[in-house]
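Undergrad: Can you keep this structure in mind? I'll have questions shortly.
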Amino acid sequence: MNQNQSAPPPTSRFATVHGSAGQNPRTLGPLRVFWPLAPICLVTGYLFRAALPYPELSTTQAGFLFLALAVFIAVFIGWSARRLRSFLKGAEGEEKVARVLSFLPASHTVFNDLELEEQGADFDHVVVAPSGIYVIETKNWRGDITFENGMVLYNGQIPNRAPLAQVKEAAVHLAEHLVVARCQIVPIYPILCFVDNSLQCGLSNIDGVEICTDTNLYERFETSSANPLETTVLAAITEELARCTDG
């Protein structure tokens with residue numbers, strides 16, 4: 001080889017990653033938490049306008065309304081603090097899972113915080129792999145997680161939003177999007193991943209949803225498929241999802 005000719009850059013050994021994990025919870029979370037501040041400000045403005053300089057309310061009425069507003073604000077601050085911590089904890093969980101997925105082999109492509117425009121559906125993580133597509137829902141829950149009668153229980157209680165149904169619906173939305181985009185139908189696997197938690201069941205499958213933690217998620221991708229999908233099919237799906245991410 002000519003010494004003046006530069007060698008081609010080495011190909012990355014790891015997966016191609018699109019999107020930033022935890023972006024939606026960190027940006028949209030505070031908006032969802034603090035939007036009630038707008039009506040609070042309106043009510044406060046009305047009370048000041050009613051009381052000053054020419055009162056439309058009596059002193060007793062204005063005092064009662066100010067007291068009620070103060071109680072509401074105190075309750076709101078406590079509620080918003082808990083809600084914001086929940087969003088930030090969810091973002092931290094997504095970031096940990098994204099780090100695990102970033103070390104997948106180069107034959108994989110990872111999409112974090114993927115959003116499909118026509119349905120408004122969003123996904124924590126989507127992995128395009130030789131064996132199919134994986135939709136991963138991340139839960140950063142501290143506490144006792146158990147499974148009974150095909151349901152996930154958190155500290156013995158049924159969550160407000162069933163995570164198994166949530167990730168299955170996400171997989172359906174993704175499949176519908178790919179059909180509309182005229183991509184070839186490929187297997188889509190929903191995965192529910194718990195972060196910083198230990199599950200006695202380990203890797204398991206409940207009602208078609210694979211259950212794992214961030215510590216054994218990588219194991220799911222270590223076993224290669226005996227019949228990998230065609231590279232042209234994977235390339236078309238990757239291009240479509242990249243278009244949604246970059247758009």
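Each chain in the structure tokens gets a letter, A, B and so on, in the order shown; residues start at 1 in every chain, and ligands are counted from 1 in the order they appear.
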I want to know what sits within 12 Å of A:His177, based on only C-alpha atoms, with residues of the same chain fewer than 2 positions away left out; could you give that as a list of chain:residue names?

TA: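 My reading of the contact set: A:Glu115, A:Leu116, A:Glu117, A:Glu118, A:Gln119, A:Gly120, A:Ala121, A:Asp122, A:Ala170, A:Ala171, A:Val172, A:His173, A:Leu174, A:Ala175, A:Val179, A:Val180, A:Ala181, A:Arg182, A:Cys183, A:Gln184, A:Ile185, A:Ile237, A:Glu240, A:Leu241, A:Cys244.
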
Undergrad: Between A:Ala235, A:Ile136, A:Val17, A:Leu178, single out the one closest to A:Gly93, counting only C-alpha atoms.

TA: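 Result for the nearest residue to A:Gly93: A:Ile136.
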